[in-house]
>>> print(open('work-v4.tsv').read())   # TSV, C-alpha atoms
chain	number	residue	atom	x	y	z
A	1	THR	CA	69.17	77.08	88.05
A	2	GLN	CA	68.31	75.83	84.59
A	3	ASN	CA	68.26	72.20	85.77
A	4	ILE	CA	65.91	73.10	88.62
A	5	ALA	CA	63.57	75.00	86.28
A	6	GLU	CA	63.52	72.07	83.86
A	7	SER	CA	62.86	69.55	86.65
A	8	LEU	CA	60.05	71.63	88.11
A	9	SER	CA	58.56	72.11	84.65
A	10	ALA	CA	58.61	68.36	84.07
A	11	LEU	CA	56.81	67.80	87.37
A	12	ASP	CA	54.43	70.73	86.96
A	13	PRO	CA	54.02	71.53	83.24
A	14	ALA	CA	51.17	73.95	83.88
A	15	HIS	CA	53.62	76.38	85.47
A	16	SER	CA	56.62	75.80	83.20
A	17	THR	CA	56.48	79.34	81.80
A	18	GLY	CA	56.80	80.77	85.29
A	19	TYR	CA	59.68	78.45	86.18
A	20	ALA	CA	61.51	79.45	83.01
A	21	ALA	CA	60.96	83.16	83.68
A	22	ASN	CA	62.13	82.82	87.28
A	23	ALA	CA	65.21	80.91	86.11
A	24	ARG	CA	66.09	83.70	83.65
A	25	THR	CA	65.67	86.34	86.35
A	26	TYR	CA	67.75	84.42	88.88
A	27	THR	CA	70.46	83.66	86.31
A	28	LYS	CA	70.78	87.40	85.69
A	29	GLU	CA	71.10	87.94	89.45
A	30	LEU	CA	73.82	85.28	89.63
A	31	GLU	CA	75.68	86.87	86.72
A	32	ALA	CA	75.49	90.27	88.43
A	33	LEU	CA	76.75	88.69	91.65
A	34	ASP	CA	79.69	87.14	89.80
A	35	LEU	CA	80.64	90.52	88.34
A	36	TRP	CA	80.31	92.17	91.75
A	37	ILE	CA	82.52	89.51	93.37
A	38	THR	CA	85.13	89.96	90.63
A	39	ASP	CA	85.14	93.73	91.22
A	40	GLN	CA	85.42	93.29	95.00
A	41	VAL	CA	88.25	90.75	94.74
A	42	ALA	CA	90.14	93.14	92.44
A	43	GLN	CA	90.62	95.35	95.54
A	44	ILE	CA	92.93	92.70	96.99
A	45	PRO	CA	96.44	92.63	95.54
A	46	PRO	CA	97.00	89.21	93.91
A	47	ALA	CA	99.87	88.44	96.31
A	48	ASN	CA	97.45	88.85	99.25
A	49	ARG	CA	94.80	86.44	97.94
A	50	LYS	CA	95.69	83.70	100.39
A	51	LEU	CA	92.92	82.07	102.39
A	52	VAL	CA	93.24	80.34	105.73
A	53	THR	CA	89.97	78.88	106.94
A	54	ASP	CA	88.71	76.55	109.61
A	55	HIS	CA	87.73	73.91	107.00
A	56	THR	CA	88.60	73.46	103.33
A	57	VAL	CA	85.18	74.63	102.20
A	58	LEU	CA	86.15	77.57	100.00
A	59	THR	CA	88.01	75.56	97.35
A	60	TYR	CA	85.58	76.35	94.52
A	61	PHE	CA	85.41	80.00	95.51
A	62	ALA	CA	89.21	80.17	95.66
A	63	GLU	CA	89.59	78.63	92.21
A	64	ALA	CA	86.89	80.79	90.64
A	65	TYR	CA	88.22	84.10	91.93
A	66	GLY	CA	91.99	83.67	91.99
A	67	PHE	CA	92.68	82.83	95.62
A	68	GLU	CA	95.06	80.27	97.02
A	69	GLN	CA	93.65	78.25	99.89
A	70	LEU	CA	96.86	78.25	101.89
A	71	GLY	CA	95.57	76.00	104.61
A	72	ALA	CA	92.81	75.04	106.98
A	73	ILE	CA	92.66	74.57	110.74
A	74	ILE	CA	90.77	71.29	110.29
A	75	PRO	CA	92.38	69.43	107.38
A	76	GLY	CA	89.19	68.29	105.67
A	77	TYR	CA	85.49	68.91	105.32
A	78	SER	CA	84.32	67.01	108.38
A	79	THR	CA	83.71	68.73	111.69
A	80	LEU	CA	84.86	65.47	113.31
A	81	ALA	CA	88.42	65.74	111.97
A	82	ALA	CA	91.07	67.14	114.30
A	83	PRO	CA	94.40	68.75	113.46
A	84	SER	CA	97.61	67.50	115.00
A	85	ALA	CA	99.98	69.84	116.81
A	86	GLN	CA	102.33	69.44	113.84
A	87	ASP	CA	99.53	70.42	111.41
A	88	LEU	CA	98.82	73.58	113.41
A	89	ALA	CA	102.51	74.47	113.69
A	90	ARG	CA	102.90	74.16	109.89
A	91	LEU	CA	99.81	76.28	109.34
A	92	GLU	CA	101.00	78.96	111.76
A	93	ASP	CA	104.38	78.99	110.01
A	94	ALA	CA	102.65	79.46	106.63
A	95	ILE	CA	100.50	82.29	108.02
A	96	ARG	CA	103.65	84.06	109.19
A	97	GLN	CA	105.64	83.28	106.03
A	98	TYR	CA	102.98	84.63	103.70
A	99	ASP	CA	101.92	87.46	106.02
A	100	VAL	CA	98.28	86.31	105.98
A	101	PRO	CA	96.25	88.90	107.93
A	102	ALA	CA	93.17	86.82	108.77
A	103	VAL	CA	91.73	83.40	109.47
A	104	PHE	CA	88.15	82.87	108.30
A	105	VAL	CA	85.98	80.70	110.54
A	106	GLY	CA	82.44	79.44	110.11
A	107	ILE	CA	79.88	81.28	112.17
A	108	THR	CA	78.11	78.08	113.17
A	109	LEU	CA	81.24	76.24	114.33
A	110	ASN	CA	83.27	76.31	117.53
A	111	PRO	CA	86.13	78.71	116.78
A	112	SER	CA	88.38	77.73	119.70
A	113	ILE	CA	91.24	76.18	117.69
A	114	ALA	CA	91.04	78.89	115.03
A	115	ALA	CA	91.04	81.53	117.76
A	116	GLN	CA	94.20	80.02	119.22
A	117	VAL	CA	95.88	80.05	115.79
A	118	ALA	CA	94.82	83.67	115.29
A	119	GLN	CA	96.16	84.60	118.72
A	120	ASP	CA	99.44	82.73	118.17
A	121	THR	CA	100.02	84.47	114.84
A	122	GLY	CA	98.56	87.88	115.66
A	123	VAL	CA	95.97	87.82	112.88
A	124	GLN	CA	92.26	88.62	112.82
A	125	LEU	CA	89.63	85.93	113.25
A	126	ILE	CA	86.83	86.76	110.82
A	127	PRO	CA	83.47	84.96	110.82
A	128	VAL	CA	81.98	83.75	107.53
A	129	TYR	CA	79.07	81.55	106.60
A	130	HIS	CA	79.62	78.10	105.16
A	131	GLY	CA	77.49	75.05	105.27
A	132	SER	CA	74.34	76.96	106.17
A	133	LEU	CA	72.55	80.23	105.72
A	134	SER	CA	71.66	82.64	108.49
A	135	GLU	CA	68.18	82.79	109.97
A	136	VAL	CA	65.48	84.41	107.82
A	137	GLY	CA	66.04	88.16	107.88
A	138	GLY	CA	69.69	87.66	108.87
A	139	PRO	CA	72.75	88.82	106.93
A	140	ALA	CA	73.07	85.64	104.84
A	141	ASP	CA	69.56	84.25	104.47
A	142	THR	CA	69.73	83.57	100.71
A	143	TYR	CA	72.54	82.37	98.48
A	144	LEU	CA	72.97	85.90	97.11
A	145	THR	CA	73.22	87.55	100.54
A	146	PHE	CA	75.39	84.64	101.79
A	147	MET	CA	77.91	85.27	99.02
A	148	ARG	CA	77.86	89.06	99.48
A	149	TYR	CA	78.39	88.70	103.23
A	150	ASN	CA	81.33	86.34	102.78
A	151	VAL	CA	82.96	88.35	100.01
A	152	LYS	CA	82.75	91.54	102.08
A	153	ALA	CA	84.31	89.69	105.02
A	154	ILE	CA	87.07	88.17	102.89
A	155	VAL	CA	87.90	91.38	101.04
A	156	GLY	CA	87.85	93.38	104.28
A	157	GLY	CA	90.16	90.87	105.92
A	158	LEU	CA	92.69	90.58	103.09
A	159	ARG	CA	92.76	94.03	101.54
A	160	GLN	CA	95.96	95.76	102.61
>>> encode(input="work-v4.tsv", output="structure tokens")
Amino acid sequence: TQNIAESLSALDPAHSTGYAANARTYTKELEALDLWITDQVAQIPPANRKLVTDHTVLTYFAEAYGFEQLGAIIPGYSTLAAPSAQDLARLEDAIRQYDVPAVFVGITLNPSIAAQVAQDTGVQLIPVYHGSLSEVGGPADTYLTFMRYNVKAIVGGLRQ
């Protein structure tokens, strides 16, 4: 946020005061969001903070809030990657071993493989946003609403 405000101020010095004020306001909103996420995650027992996703896109989130990213349906960030049968069998074994109650899948992606894993293991398939926001007016149309949506989905899926 600060880097963006500084860059905009360098390009448009006449409005630098406004950019700085907006950056302060947004930083406070981000700090409040961080506290809210921490409070929400505290509802999940530490032993249950295991994430299984369709892609390994929640690594930073997992590290920041004390989750273990146990595995991903697609072993990588690319939507072009494909798991082997052995990869899926290992992931399903881990889901069972650690009693993971949910698989989180991107709303904008084809969930067919994740749905099969969820069916095979008897867990929930829970949609989350990653890689893009929702449409304007949707449930995740800003970074702040995106994060709140995903945290509610994750906490709801893992709280036991």
>>> atom_distance(input="work-v4.tsv", atom1="CA of Glu31 (chain A)", atom2="CA of Ile44 (chain A)")
20.9 Å
>>> residues_around(input="work-v4.tsv", residues="Ala89 (chain A)", least_positions_apart="3", cutoff="12 Å", atoms="only C-alpha atoms", output="number ranges by chain")
A: 71-73, 83-86, 92-96, 116-117, 120-121
>>> closest_residue(input="work-v4.tsv", among="A:Val105, A:Ala115, A:Leu158, A:Val123", to="Ala42 (chain A)", atoms="only C-alpha atoms")
A:Leu158
>>> closest_residue(input="work-v4.tsv", among="A:Pro111, A:Gly137, A:Gly106, A:Gly66", to="Ile37 (chain A)", atoms="all atoms listed in the file")
A:Gly66
>>> closest_residue(input="work-v4.tsv", among="A:Ile126, A:Ala140, A:Leu133, A:Ala102", to="Val52 (chain A)", atoms="all atoms listed in the file")
A:Ala102
>>> closest_residue(input="work-v4.tsv", among="A:Phe104, A:Tyr98, A:Tyr19, A:Tyr26", to="Val151 (chain A)", atoms="only C-alpha atoms")
A:Phe104
>>> residues_around(input="work-v4.tsv", residues="Arg159 (chain A)", least_positions_apart="3", cutoff="10 Å", atoms="all atoms listed in the file", output="ChimeraX atom specification")
/A:40-46,48-49,101,154-156
>>> write_last_selection(input="work-v4.tsv", atoms="C-alpha atoms", output="short mmCIF file (atom, residue, chain, number, x, y, z; two decimals), keeping the file's coordinate frame")
data_model
loop_
_atom_site.label_atom_id
_atom_site.label_comp_id
_atom_site.auth_asym_id
_atom_site.auth_seq_id
_atom_site.Cartn_x
_atom_site.Cartn_y
_atom_site.Cartn_z
CA GLN A 40 85.42 93.29 95.00
CA VAL A 41 88.25 90.75 94.74
CA ALA A 42 90.14 93.14 92.44
CA GLN A 43 90.62 95.35 95.54
CA ILE A 44 92.93 92.70 96.99
CA PRO A 45 96.44 92.63 95.54
CA PRO A 46 97.00 89.21 93.91
CA ASN A 48 97.45 88.85 99.25
CA ARG A 49 94.80 86.44 97.94
CA PRO A 101 96.25 88.90 107.93
CA ILE A 154 87.07 88.17 102.89
CA VAL A 155 87.90 91.38 101.04
CA GLY A 156 87.85 93.38 104.28
#
>>> residues_around(input="work-v4.tsv", residues="Asn22 (chain A)", least_positions_apart="5", cutoff="9 Å", atoms="only C-alpha atoms", output="VMD selection string")
chain A and resid 5 17 27
>>> residues_near_point(input="work-v4.tsv", point="(79.9, 83.5, 104.1)", cutoff="6 Å", atoms="only C-alpha atoms", output="list of chain:residue names")
A:Val128, A:Tyr129, A:His130, A:Phe146, A:Met147, A:Tyr149, A:Asn150
>>> atom_distance(input="work-v4.tsv", atom1="CA of Asn3 (chain A)", atom2="CA of Lys152 (chain A)")
29.2 Å
>>> axis_aligned_box(input="work-v4.tsv", around="region 82-88 of chain A", padding_each_side="4 Å", output="JSON")
{"center_x": 96.7, "center_y": 70.4, "center_z": 114.1, "size_x": 19.3, "size_y": 14.4, "size_z": 13.4}
>>> atom_distance(input="work-v4.tsv", atom1="CA of Asp54 (chain A)", atom2="CA of Ser112 (chain A)")
10.2 Å
>>> closest_residue(input="work-v4.tsv", among="A:Leu125, A:Ala118, A:Phe67, A:Ile4", to="Ala47 (chain A)", atoms="all atoms listed in the file")
A:Phe67
>>> closest_residue(input="work-v4.tsv", among="A:Val103, A:Leu88, A:Leu11, A:Leu33", to="Tyr143 (chain A)", atoms="only C-alpha atoms")
A:Leu33
>>> decode(input="work-v4.tsv", residues="region 137-148 of chain A", atoms="N, CA, C and O atoms", output="tab-separated table (two decimals), in the first residue's frame")
chain	number	residue	atom	x	y	z
A	137	GLY	N	-19.95	-6.12	-6.84
A	137	GLY	CA	-21.17	-6.36	-6.08
A	137	GLY	C	-21.29	-7.78	-5.59
A	137	GLY	O	-22.21	-8.12	-4.85
A	138	GLY	N	-20.36	-8.65	-5.98
A	138	GLY	CA	-20.36	-10.04	-5.54
A	138	GLY	C	-19.73	-10.18	-4.17
A	138	GLY	O	-19.32	-9.20	-3.54
A	139	PRO	N	-19.60	-11.41	-3.69
A	139	PRO	CA	-19.14	-11.65	-2.32
A	139	PRO	C	-17.64	-11.43	-2.10
A	139	PRO	O	-17.20	-11.39	-0.95
A	140	ALA	N	-16.88	-11.27	-3.18
A	140	ALA	CA	-15.42	-11.11	-3.04
A	140	ALA	C	-14.91	-10.12	-4.08
A	140	ALA	O	-13.99	-10.41	-4.84
A	141	ASP	N	-15.52	-8.94	-4.10
A	141	ASP	CA	-15.19	-7.98	-5.17
A	141	ASP	C	-14.08	-6.99	-4.82
A	141	ASP	O	-13.73	-6.15	-5.63
A	142	THR	N	-13.54	-7.09	-3.62
A	142	THR	CA	-12.35	-6.32	-3.23
A	142	THR	C	-11.43	-7.27	-2.49
A	142	THR	O	-11.85	-8.37	-2.07
A	143	TYR	N	-10.20	-6.87	-2.28
A	143	TYR	CA	-9.29	-7.72	-1.51
A	143	TYR	C	-9.85	-8.00	-0.12
A	143	TYR	O	-9.79	-9.14	0.36
A	144	LEU	N	-10.41	-6.99	0.52
A	144	LEU	CA	-10.93	-7.17	1.88
A	144	LEU	C	-12.09	-8.16	1.91
A	144	LEU	O	-12.13	-9.05	2.77
A	145	THR	N	-13.03	-8.04	0.98
A	145	THR	CA	-14.16	-8.98	0.97
A	145	THR	C	-13.73	-10.36	0.50
A	145	THR	O	-14.26	-11.37	0.97
A	146	PHE	N	-12.75	-10.41	-0.40
A	146	PHE	CA	-12.16	-11.68	-0.87
A	146	PHE	C	-11.60	-12.45	0.32
A	146	PHE	O	-11.87	-13.64	0.51
A	147	MET	N	-10.80	-11.77	1.14
A	147	MET	CA	-10.20	-12.43	2.30
A	147	MET	C	-11.26	-12.85	3.32
A	147	MET	O	-11.20	-13.95	3.85
A	148	ARG	N	-12.23	-12.00	3.57
A	148	ARG	CA	-13.28	-12.36	4.53
A	148	ARG	C	-14.09	-13.56	4.03
A	148	ARG	O	-14.41	-14.46	4.81
